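*Asks:* Let me begin by handing over the structure; questions about it come next.
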Amino acid sequence: MKWRCAVCGYIHHGENPPEICPVCGVDSSYFEKIDTQPQETSEKVPMEILTPEEAVKKAVRSLSYGLFIITANHEEKDNGQTANTCFQITSDPVQVAIGINKNNYTHELISKSGKFGVSILDQNGGDLARNFGYRSGREVNKFEGIKAHRGILGVLVLDEALANLEAKVVNSMDTGTHTLFLGTVASGEVLGNGKPMTYDYFRSKNDLKKRKTP
Ligand SMILES: Cc1cc2nc3c(=O)[nH]c(=O)nc-3n(C[C@H](O)[C@H](O)[C@H](O)COP(=O)(O)O)c2cc1C
């Protein structure tokens, strides 16, 4: 069986998807099964027949998301990672939640400092998502060559974002592979008026880019 990472396009061969994508580090829920069975008929099949597990995976992939760079600072250390799991929970006070993999360097810095930044990408932010998404700040300085400034909590946020937020962690929940951090927003700024990047838009452009690469 073949499985394709919906984030970076990595192909895995095996009965089940890998627990962690070896290229971009996302977990098995990001993998989709590639149908390698030849079609027996040229007629259009209106709906796939799915097992209950496949139906759950496919239904979950229909959820829509934005795309963000979650940034963190602890003492003199700065880092950022791409994330699609960021959403507003309440408006009074303004609270946002983020889902961060426990293996990520960003997770370590947020856990230690109790604060994080959110740079909300616009549709030109594909290179930023790739820069912050496919490698770890434990190995490289992802801010090299990236224009950024510090907010009032001391977290670096991106100059080329649509908008930025900084939040103080007020609660967190262990969800297994990830921690769900709940933050109260301490500052916000709007830097652009483009369209927000969606996860779906990023994936479609990322796939096109890969197909054009020889
Ligand atoms: C489009 C995209 C969306 C991602 N969404 C998330 C996410 O919501 N949560 C998460 O923990 N990792 C997510 N990742 C994976 C991290 O960005 C990636 O593992 C990163 O290298 C972690 O970096 P760090 O170790 O420097 O923190 C995503 C990656 C991409 C490319």
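Chains: A, B, ... in order of the structure tokens. Residues: from 1 per chain. Ligands: from 1, in order shown.
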Would you please give, as a PDB file with N, CA and C atoms, in the first residue's frame, all residues of segment 23-181 of chain A that DSSP assigns to strand (DSSP E or B) based on the backbone?

*Replies:*
ATOM      1  N   ASP A  27       2.336  14.020  11.989  1.00  0.00           N
ATOM      2  CA  ASP A  27       1.991  12.662  12.417  1.00  0.00           C
ATOM      3  C   ASP A  27       1.149  11.932  11.373  1.00  0.00           C
ATOM      4  N   PHE A  31      -1.390  11.561   6.614  1.00  0.00           N
ATOM      5  CA  PHE A  31      -1.156  10.693   5.455  1.00  0.00           C
ATOM      6  C   PHE A  31      -2.456  10.248   4.818  1.00  0.00           C
ATOM      7  N   GLU A  32      -2.470  10.265   3.460  1.00  0.00           N
ATOM      8  CA  GLU A  32      -3.646   9.760   2.761  1.00  0.00           C
ATOM      9  C   GLU A  32      -3.227   8.582   1.890  1.00  0.00           C
ATOM     10  N   LYS A  33      -4.125   7.606   1.865  1.00  0.00           N
ATOM     11  CA  LYS A  33      -3.831   6.409   1.083  1.00  0.00           C
ATOM     12  C   LYS A  33      -3.940   6.748  -0.395  1.00  0.00           C
ATOM     13  N   ILE A  34      -2.950   6.280  -1.187  1.00  0.00           N
ATOM     14  CA  ILE A  34      -3.026   6.514  -2.629  1.00  0.00           C
ATOM     15  C   ILE A  34      -3.616   5.270  -3.270  1.00  0.00           C
ATOM     16  N   GLY A  66      -6.452  27.849   8.748  1.00  0.00           N
ATOM     17  CA  GLY A  66      -5.536  28.869   8.250  1.00  0.00           C
ATOM     18  C   GLY A  66      -4.118  28.322   8.322  1.00  0.00           C
ATOM     19  N   PHE A  68      -0.158  29.425   9.902  1.00  0.00           N
ATOM     20  CA  PHE A  68       0.468  30.361  10.837  1.00  0.00           C
ATOM     21  C   PHE A  68       1.919  29.973  11.115  1.00  0.00           C
ATOM     22  N   ILE A  69       2.700  30.958  11.516  1.00  0.00           N
ATOM     23  CA  ILE A  69       4.015  30.659  12.094  1.00  0.00           C
ATOM     24  C   ILE A  69       3.867  30.935  13.588  1.00  0.00           C
ATOM     25  N   ILE A  70       3.996  29.868  14.364  1.00  0.00           N
ATOM     26  CA  ILE A  70       3.937  29.998  15.822  1.00  0.00           C
ATOM     27  C   ILE A  70       5.369  30.247  16.287  1.00  0.00           C
ATOM     28  N   THR A  71       5.576  31.362  16.979  1.00  0.00           N
ATOM     29  CA  THR A  71       6.939  31.715  17.388  1.00  0.00           C
ATOM     30  C   THR A  71       7.073  31.617  18.908  1.00  0.00           C
ATOM     31  N   ALA A  72       8.309  31.467  19.340  1.00  0.00           N
ATOM     32  CA  ALA A  72       8.548  31.324  20.773  1.00  0.00           C
ATOM     33  C   ALA A  72       9.908  31.892  21.128  1.00  0.00           C
ATOM     34  N   ASN A  73       9.989  32.354  22.349  1.00  0.00           N
ATOM     35  CA  ASN A  73      11.248  32.910  22.859  1.00  0.00           C
ATOM     36  C   ASN A  73      11.408  32.489  24.306  1.00  0.00           C
ATOM     37  N   HIS A  74      12.581  31.962  24.636  1.00  0.00           N
ATOM     38  CA  HIS A  74      12.903  31.691  26.038  1.00  0.00           C
ATOM     39  C   HIS A  74      14.340  32.124  26.275  1.00  0.00           C
ATOM     40  N   LYS A  77      16.867  32.444  23.423  1.00  0.00           N
ATOM     41  CA  LYS A  77      16.569  31.529  22.305  1.00  0.00           C
ATOM     42  C   LYS A  77      15.254  31.887  21.625  1.00  0.00           C
ATOM     43  N   ASP A  78      15.308  31.953  20.282  1.00  0.00           N
ATOM     44  CA  ASP A  78      14.109  32.239  19.483  1.00  0.00           C
ATOM     45  C   ASP A  78      13.874  31.098  18.516  1.00  0.00           C
ATOM     46  N   ASN A  79      12.632  30.805  18.259  1.00  0.00           N
ATOM     47  CA  ASN A  79      12.321  29.803  17.232  1.00  0.00           C
ATOM     48  C   ASN A  79      10.904  30.022  16.721  1.00  0.00           C
ATOM     49  N   GLY A  80      10.607  29.358  15.621  1.00  0.00           N
ATOM     50  CA  GLY A  80       9.254  29.419  15.069  1.00  0.00           C
ATOM     51  C   GLY A  80       8.988  28.156  14.283  1.00  0.00           C
ATOM     52  N   GLN A  81       7.723  27.791  14.191  1.00  0.00           N
ATOM     53  CA  GLN A  81       7.337  26.627  13.386  1.00  0.00           C
ATOM     54  C   GLN A  81       6.013  26.905  12.683  1.00  0.00           C
ATOM     55  N   THR A  82       5.837  26.265  11.549  1.00  0.00           N
ATOM     56  CA  THR A  82       4.568  26.377  10.835  1.00  0.00           C
ATOM     57  C   THR A  82       3.505  25.566  11.570  1.00  0.00           C
ATOM     58  N   ALA A  83       2.292  26.063  11.609  1.00  0.00           N
ATOM     59  CA  ALA A  83       1.186  25.293  12.202  1.00  0.00           C
ATOM     60  C   ALA A  83      -0.123  25.690  11.534  1.00  0.00           C
ATOM     61  N   CYS A  86      -4.378  26.597  14.836  1.00  0.00           N
ATOM     62  CA  CYS A  86      -4.465  27.796  15.669  1.00  0.00           C
ATOM     63  C   CYS A  86      -5.853  28.376  15.448  1.00  0.00           C
ATOM     64  N   PHE A  87      -6.565  28.622  16.528  1.00  0.00           N
ATOM     65  CA  PHE A  87      -7.930  29.124  16.355  1.00  0.00           C
ATOM     66  C   PHE A  87      -8.368  29.916  17.586  1.00  0.00           C
ATOM     67  N   GLN A  88      -9.267  30.842  17.345  1.00  0.00           N
ATOM     68  CA  GLN A  88      -9.780  31.656  18.453  1.00  0.00           C
ATOM     69  C   GLN A  88     -10.785  30.838  19.260  1.00  0.00           C
ATOM     70  N   ILE A  89     -10.677  30.935  20.589  1.00  0.00           N
ATOM     71  CA  ILE A  89     -11.603  30.201  21.455  1.00  0.00           C
ATOM     72  C   ILE A  89     -12.654  31.140  22.028  1.00  0.00           C
ATOM     73  N   THR A  90     -12.230  32.272  22.589  1.00  0.00           N
ATOM     74  CA  THR A  90     -13.199  33.235  23.138  1.00  0.00           C
ATOM     75  C   THR A  90     -12.796  34.642  22.688  1.00  0.00           C
ATOM     76  N   SER A  91     -13.780  35.544  22.746  1.00  0.00           N
ATOM     77  CA  SER A  91     -13.456  36.935  22.369  1.00  0.00           C
ATOM     78  C   SER A  91     -13.369  37.848  23.589  1.00  0.00           C
ATOM     79  N   VAL A  94      -9.854  37.815  24.688  1.00  0.00           N
ATOM     80  CA  VAL A  94      -9.453  37.168  23.441  1.00  0.00           C
ATOM     81  C   VAL A  94      -8.469  36.049  23.771  1.00  0.00           C
ATOM     82  N   GLN A  95      -8.901  34.829  23.452  1.00  0.00           N
ATOM     83  CA  GLN A  95      -8.041  33.670  23.724  1.00  0.00           C
ATOM     84  C   GLN A  95      -7.909  32.840  22.457  1.00  0.00           C
ATOM     85  N   VAL A  96      -6.688  32.359  22.218  1.00  0.00           N
ATOM     86  CA  VAL A  96      -6.454  31.477  21.076  1.00  0.00           C
ATOM     87  C   VAL A  96      -5.827  30.180  21.574  1.00  0.00           C
ATOM     88  N   ALA A  97      -6.044  29.114  20.813  1.00  0.00           N
ATOM     89  CA  ALA A  97      -5.445  27.821  21.151  1.00  0.00           C
ATOM     90  C   ALA A  97      -4.565  27.372  20.005  1.00  0.00           C
ATOM     91  N   ILE A  98      -3.483  26.675  20.355  1.00  0.00           N
ATOM     92  CA  ILE A  98      -2.586  26.121  19.327  1.00  0.00           C
ATOM     93  C   ILE A  98      -2.287  24.665  19.693  1.00  0.00           C
ATOM     94  N   GLY A  99      -2.114  23.831  18.671  1.00  0.00           N
ATOM     95  CA  GLY A  99      -1.775  22.419  18.895  1.00  0.00           C
ATOM     96  C   GLY A  99      -0.353  22.170  18.437  1.00  0.00           C
ATOM     97  N   ILE A 100       0.538  21.873  19.377  1.00  0.00           N
ATOM     98  CA  ILE A 100       1.970  21.780  19.051  1.00  0.00           C
ATOM     99  C   ILE A 100       2.517  20.406  19.450  1.00  0.00           C
ATOM    100  N   ASN A 101       3.191  19.778  18.492  1.00  0.00           N
ATOM    101  CA  ASN A 101       3.792  18.466  18.730  1.00  0.00           C
ATOM    102  C   ASN A 101       4.849  18.551  19.829  1.00  0.00           C
ATOM    103  N   LYS A 115       4.670  31.613  26.877  1.00  0.00           N
ATOM    104  CA  LYS A 115       4.177  32.629  25.932  1.00  0.00           C
ATOM    105  C   LYS A 115       4.456  32.159  24.503  1.00  0.00           C
ATOM    106  N   PHE A 116       3.707  32.713  23.549  1.00  0.00           N
ATOM    107  CA  PHE A 116       3.961  32.398  22.139  1.00  0.00           C
ATOM    108  C   PHE A 116       3.460  33.526  21.255  1.00  0.00           C
ATOM    109  N   GLY A 117       3.984  33.551  20.037  1.00  0.00           N
ATOM    110  CA  GLY A 117       3.528  34.514  19.041  1.00  0.00           C
ATOM    111  C   GLY A 117       2.812  33.769  17.923  1.00  0.00           C
ATOM    112  N   VAL A 118       1.928  34.462  17.239  1.00  0.00           N
ATOM    113  CA  VAL A 118       1.247  33.884  16.073  1.00  0.00           C
ATOM    114  C   VAL A 118       1.391  34.875  14.923  1.00  0.00           C
ATOM    115  N   SER A 119       2.125  34.490  13.876  1.00  0.00           N
ATOM    116  CA  SER A 119       2.187  35.316  12.667  1.00  0.00           C
ATOM    117  C   SER A 119       1.222  34.709  11.665  1.00  0.00           C
ATOM    118  N   ILE A 120       0.211  35.485  11.327  1.00  0.00           N
ATOM    119  CA  ILE A 120      -0.851  34.993  10.434  1.00  0.00           C
ATOM    120  C   ILE A 120      -0.404  35.274   8.999  1.00  0.00           C
ATOM    121  N   ASP A 122      -0.286  35.572   4.854  1.00  0.00           N
ATOM    122  CA  ASP A 122      -1.188  35.835   3.729  1.00  0.00           C
ATOM    123  C   ASP A 122      -0.838  34.853   2.609  1.00  0.00           C
ATOM    124  N   ALA A 148      11.958  40.183  11.005  1.00  0.00           N
ATOM    125  CA  ALA A 148      11.083  39.964  12.172  1.00  0.00           C
ATOM    126  C   ALA A 148      11.353  41.046  13.210  1.00  0.00           C
ATOM    127  N   HIS A 149      10.410  41.232  14.104  1.00  0.00           N
ATOM    128  CA  HIS A 149      10.598  42.204  15.190  1.00  0.00           C
ATOM    129  C   HIS A 149      10.011  41.628  16.475  1.00  0.00           C
ATOM    130  N   ARG A 150      10.412  42.198  17.605  1.00  0.00           N
ATOM    131  CA  ARG A 150       9.903  41.700  18.886  1.00  0.00           C
ATOM    132  C   ARG A 150       8.636  42.422  19.294  1.00  0.00           C
ATOM    133  N   LEU A 156       9.621  37.052  18.927  1.00  0.00           N
ATOM    134  CA  LEU A 156       9.806  37.529  17.547  1.00  0.00           C
ATOM    135  C   LEU A 156       8.558  37.210  16.733  1.00  0.00           C
ATOM    136  N   VAL A 157       8.076  38.189  15.973  1.00  0.00           N
ATOM    137  CA  VAL A 157       6.959  37.962  15.048  1.00  0.00           C
ATOM    138  C   VAL A 157       7.390  38.486  13.680  1.00  0.00           C
ATOM    139  N   LEU A 158       6.782  37.976  12.612  1.00  0.00           N
ATOM    140  CA  LEU A 158       7.270  38.239  11.259  1.00  0.00           C
ATOM    141  C   LEU A 158       6.791  39.575  10.708  1.00  0.00           C
ATOM    142  N   ALA A 163      -0.913  39.636   9.892  1.00  0.00           N
ATOM    143  CA  ALA A 163      -1.141  40.179  11.241  1.00  0.00           C
ATOM    144  C   ALA A 163      -0.370  39.332  12.242  1.00  0.00           C
ATOM    145  N   ASN A 164      -0.110  39.914  13.396  1.00  0.00           N
ATOM    146  CA  ASN A 164       0.612  39.192  14.445  1.00  0.00           C
ATOM    147  C   ASN A 164      -0.125  39.276  15.770  1.00  0.00           C
ATOM    148  N   LEU A 165       0.015  38.220  16.555  1.00  0.00           N
ATOM    149  CA  LEU A 165      -0.531  38.206  17.920  1.00  0.00           C
ATOM    150  C   LEU A 165       0.569  37.711  18.848  1.00  0.00           C
ATOM    151  N   GLU A 166       0.480  38.131  20.096  1.00  0.00           N
ATOM    152  CA  GLU A 166       1.309  37.510  21.139  1.00  0.00           C
ATOM    153  C   GLU A 166       0.359  37.072  22.244  1.00  0.00           C
ATOM    154  N   ALA A 167       0.652  35.938  22.842  1.00  0.00           N
ATOM    155  CA  ALA A 167      -0.260  35.413  23.868  1.00  0.00           C
ATOM    156  C   ALA A 167       0.512  34.833  25.041  1.00  0.00           C
ATOM    157  N   LYS A 168      -0.132  34.924  26.222  1.00  0.00           N
ATOM    158  CA  LYS A 168       0.431  34.294  27.424  1.00  0.00           C
ATOM    159  C   LYS A 168      -0.330  32.990  27.659  1.00  0.00           C
ATOM    160  N   VAL A 169       0.388  31.920  27.898  1.00  0.00           N
ATOM    161  CA  VAL A 169      -0.263  30.628  28.120  1.00  0.00           C
ATOM    162  C   VAL A 169      -1.007  30.671  29.461  1.00  0.00           C
ATOM    163  N   VAL A 170      -2.318  30.361  29.417  1.00  0.00           N
ATOM    164  CA  VAL A 170      -3.097  30.346  30.658  1.00  0.00           C
ATOM    165  C   VAL A 170      -3.547  28.932  31.015  1.00  0.00           C
ATOM    166  N   ASN A 171      -3.424  28.019  30.058  1.00  0.00           N
ATOM    167  CA  ASN A 171      -3.790  26.632  30.333  1.00  0.00           C
ATOM    168  C   ASN A 171      -3.212  25.747  29.242  1.00  0.00           C
ATOM    169  N   SER A 172      -3.078  24.469  29.531  1.00  0.00           N
ATOM    170  CA  SER A 172      -2.618  23.561  28.484  1.00  0.00           C
ATOM    171  C   SER A 172      -3.180  22.174  28.740  1.00  0.00           C
ATOM    172  N   MET A 173      -3.307  21.422  27.669  1.00  0.00           N
ATOM    173  CA  MET A 173      -3.861  20.074  27.793  1.00  0.00           C
ATOM    174  C   MET A 173      -2.977  19.085  27.035  1.00  0.00           C
ATOM    175  N   ASP A 174      -2.618  18.010  27.722  1.00  0.00           N
ATOM    176  CA  ASP A 174      -1.827  16.958  27.092  1.00  0.00           C
ATOM    177  C   ASP A 174      -2.776  16.122  26.231  1.00  0.00           C
ATOM    178  N   HIS A 178       0.537  15.718  21.020  1.00  0.00           N
ATOM    179  CA  HIS A 178       0.573  17.184  20.997  1.00  0.00           C
ATOM    180  C   HIS A 178       0.148  17.762  22.352  1.00  0.00           C
ATOM    181  N   THR A 179       0.494  19.037  22.550  1.00  0.00           N
ATOM    182  CA  THR A 179      -0.083  19.795  23.670  1.00  0.00           C
ATOM    183  C   THR A 179      -0.959  20.873  23.077  1.00  0.00           C
ATOM    184  N   LEU A 180      -2.145  21.016  23.651  1.00  0.00           N
ATOM    185  CA  LEU A 180      -3.014  22.117  23.253  1.00  0.00           C
ATOM    186  C   LEU A 180      -2.761  23.257  24.250  1.00  0.00           C
ATOM    187  N   PHE A 181      -2.145  24.330  23.768  1.00  0.00           N
ATOM    188  CA  PHE A 181      -1.874  25.489  24.624  1.00  0.00           C
ATOM    189  C   PHE A 181      -2.979  26.511  24.430  1.00  0.00           C
TER     190      PHE A 181
END

*Asks:* Just want the residues within 7 Å of ligand 1, written as a PyMOL selection string, counting only C-alpha atoms and all ligand atoms.

*Replies:* chain A and resi 7-8+24-26+67+79-85+99-101+103-107+129-130+132-138+178+199+202

*Asks:* As a PDB file with N, CA and C atoms, in the first residue's frame, please: the residues near His12 of chain A (cut-off 10 Å, only C-alpha atoms, same-chain neighbours under 3 positions excluded).

*Replies:*
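After the write, around-v2.pdb holds the following:
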ATOM      1  N   MET A   1       0.835  -1.193   0.000  1.00  0.00           N
ATOM      2  CA  MET A   1       0.000   0.000   0.000  1.00  0.00           C
ATOM      3  C   MET A   1       0.879   1.256   0.000  1.00  0.00           C
ATOM      4  N   LYS A   2       0.367   2.329  -0.641  1.00  0.00           N
ATOM      5  CA  LYS A   2       1.149   3.573  -0.703  1.00  0.00           C
ATOM      6  C   LYS A   2       0.421   4.665   0.071  1.00  0.00           C
ATOM      7  N   TRP A   3       1.171   5.451   0.843  1.00  0.00           N
ATOM      8  CA  TRP A   3       0.595   6.548   1.631  1.00  0.00           C
ATOM      9  C   TRP A   3       1.347   7.828   1.284  1.00  0.00           C
ATOM     10  N   ARG A   4       0.594   8.911   1.117  1.00  0.00           N
ATOM     11  CA  ARG A   4       1.214  10.178   0.735  1.00  0.00           C
ATOM     12  C   ARG A   4       1.025  11.197   1.861  1.00  0.00           C
ATOM     13  N   CYS A   5       2.132  11.867   2.266  1.00  0.00           N
ATOM     14  CA  CYS A   5       2.032  12.922   3.283  1.00  0.00           C
ATOM     15  C   CYS A   5       1.366  14.143   2.628  1.00  0.00           C
ATOM     16  N   GLY A   9       4.263  15.727   0.678  1.00  0.00           N
ATOM     17  CA  GLY A   9       4.222  14.891  -0.519  1.00  0.00           C
ATOM     18  C   GLY A   9       5.056  13.617  -0.409  1.00  0.00           C
ATOM     19  N   GLU A  15       1.766  -1.266   5.093  1.00  0.00           N
ATOM     20  CA  GLU A  15       0.371  -1.549   5.437  1.00  0.00           C
ATOM     21  C   GLU A  15      -0.320  -0.324   6.056  1.00  0.00           C
ATOM     22  N   ASN A  16       0.457   0.410   6.887  1.00  0.00           N
ATOM     23  CA  ASN A  16      -0.077   1.585   7.586  1.00  0.00           C
ATOM     24  C   ASN A  16       0.811   2.793   7.323  1.00  0.00           C
ATOM     25  N   PRO A  17       0.270   4.014   7.519  1.00  0.00           N
ATOM     26  CA  PRO A  17       1.139   5.191   7.370  1.00  0.00           C
ATOM     27  C   PRO A  17       2.167   5.241   8.501  1.00  0.00           C
ATOM     28  N   PRO A  18       3.310   5.922   8.304  1.00  0.00           N
ATOM     29  CA  PRO A  18       4.284   6.009   9.400  1.00  0.00           C
ATOM     30  C   PRO A  18       3.749   6.888  10.526  1.00  0.00           C
ATOM     31  N   CYS A  21       6.095  11.648   9.811  1.00  0.00           N
ATOM     32  CA  CYS A  21       6.663  11.811   8.470  1.00  0.00           C
ATOM     33  C   CYS A  21       8.159  12.100   8.616  1.00  0.00           C
ATOM     34  N   PRO A  22       9.038  11.269   7.992  1.00  0.00           N
ATOM     35  CA  PRO A  22      10.480  11.501   8.159  1.00  0.00           C
ATOM     36  C   PRO A  22      10.955  12.783   7.497  1.00  0.00           C
ATOM     37  N   PHE A  31      -1.390  11.561   6.614  1.00  0.00           N
ATOM     38  CA  PHE A  31      -1.156  10.693   5.455  1.00  0.00           C
ATOM     39  C   PHE A  31      -2.456  10.248   4.818  1.00  0.00           C
ATOM     40  N   GLU A  32      -2.470  10.265   3.460  1.00  0.00           N
ATOM     41  CA  GLU A  32      -3.646   9.760   2.761  1.00  0.00           C
ATOM     42  C   GLU A  32      -3.227   8.582   1.890  1.00  0.00           C
ATOM     43  N   LYS A  33      -4.125   7.606   1.865  1.00  0.00           N
ATOM     44  CA  LYS A  33      -3.831   6.409   1.083  1.00  0.00           C
ATOM     45  C   LYS A  33      -3.940   6.748  -0.395  1.00  0.00           C
ATOM     46  N   ILE A  34      -2.950   6.280  -1.187  1.00  0.00           N
ATOM     47  CA  ILE A  34      -3.026   6.514  -2.629  1.00  0.00           C
ATOM     48  C   ILE A  34      -3.616   5.270  -3.270  1.00  0.00           C
TER      49      ILE A  34
END

*Asks:* Nearest to Gly126 of chain A: which of A:Asp207, A:Glu144, A:Asp159, A:Glu19 is it, counting only C-alpha atoms?

*Replies:*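 The answer is A:Asp207, which sits nearest to Gly126 of chain A.
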
*Asks:* Would you mind writing down, as a PyMOL selection string, each residue of segment 62-155 of chain A that DSSP on the backbone assigns to helix (DSSP H, G or I)?

*Replies:* chain A and resi 105-113+126-133
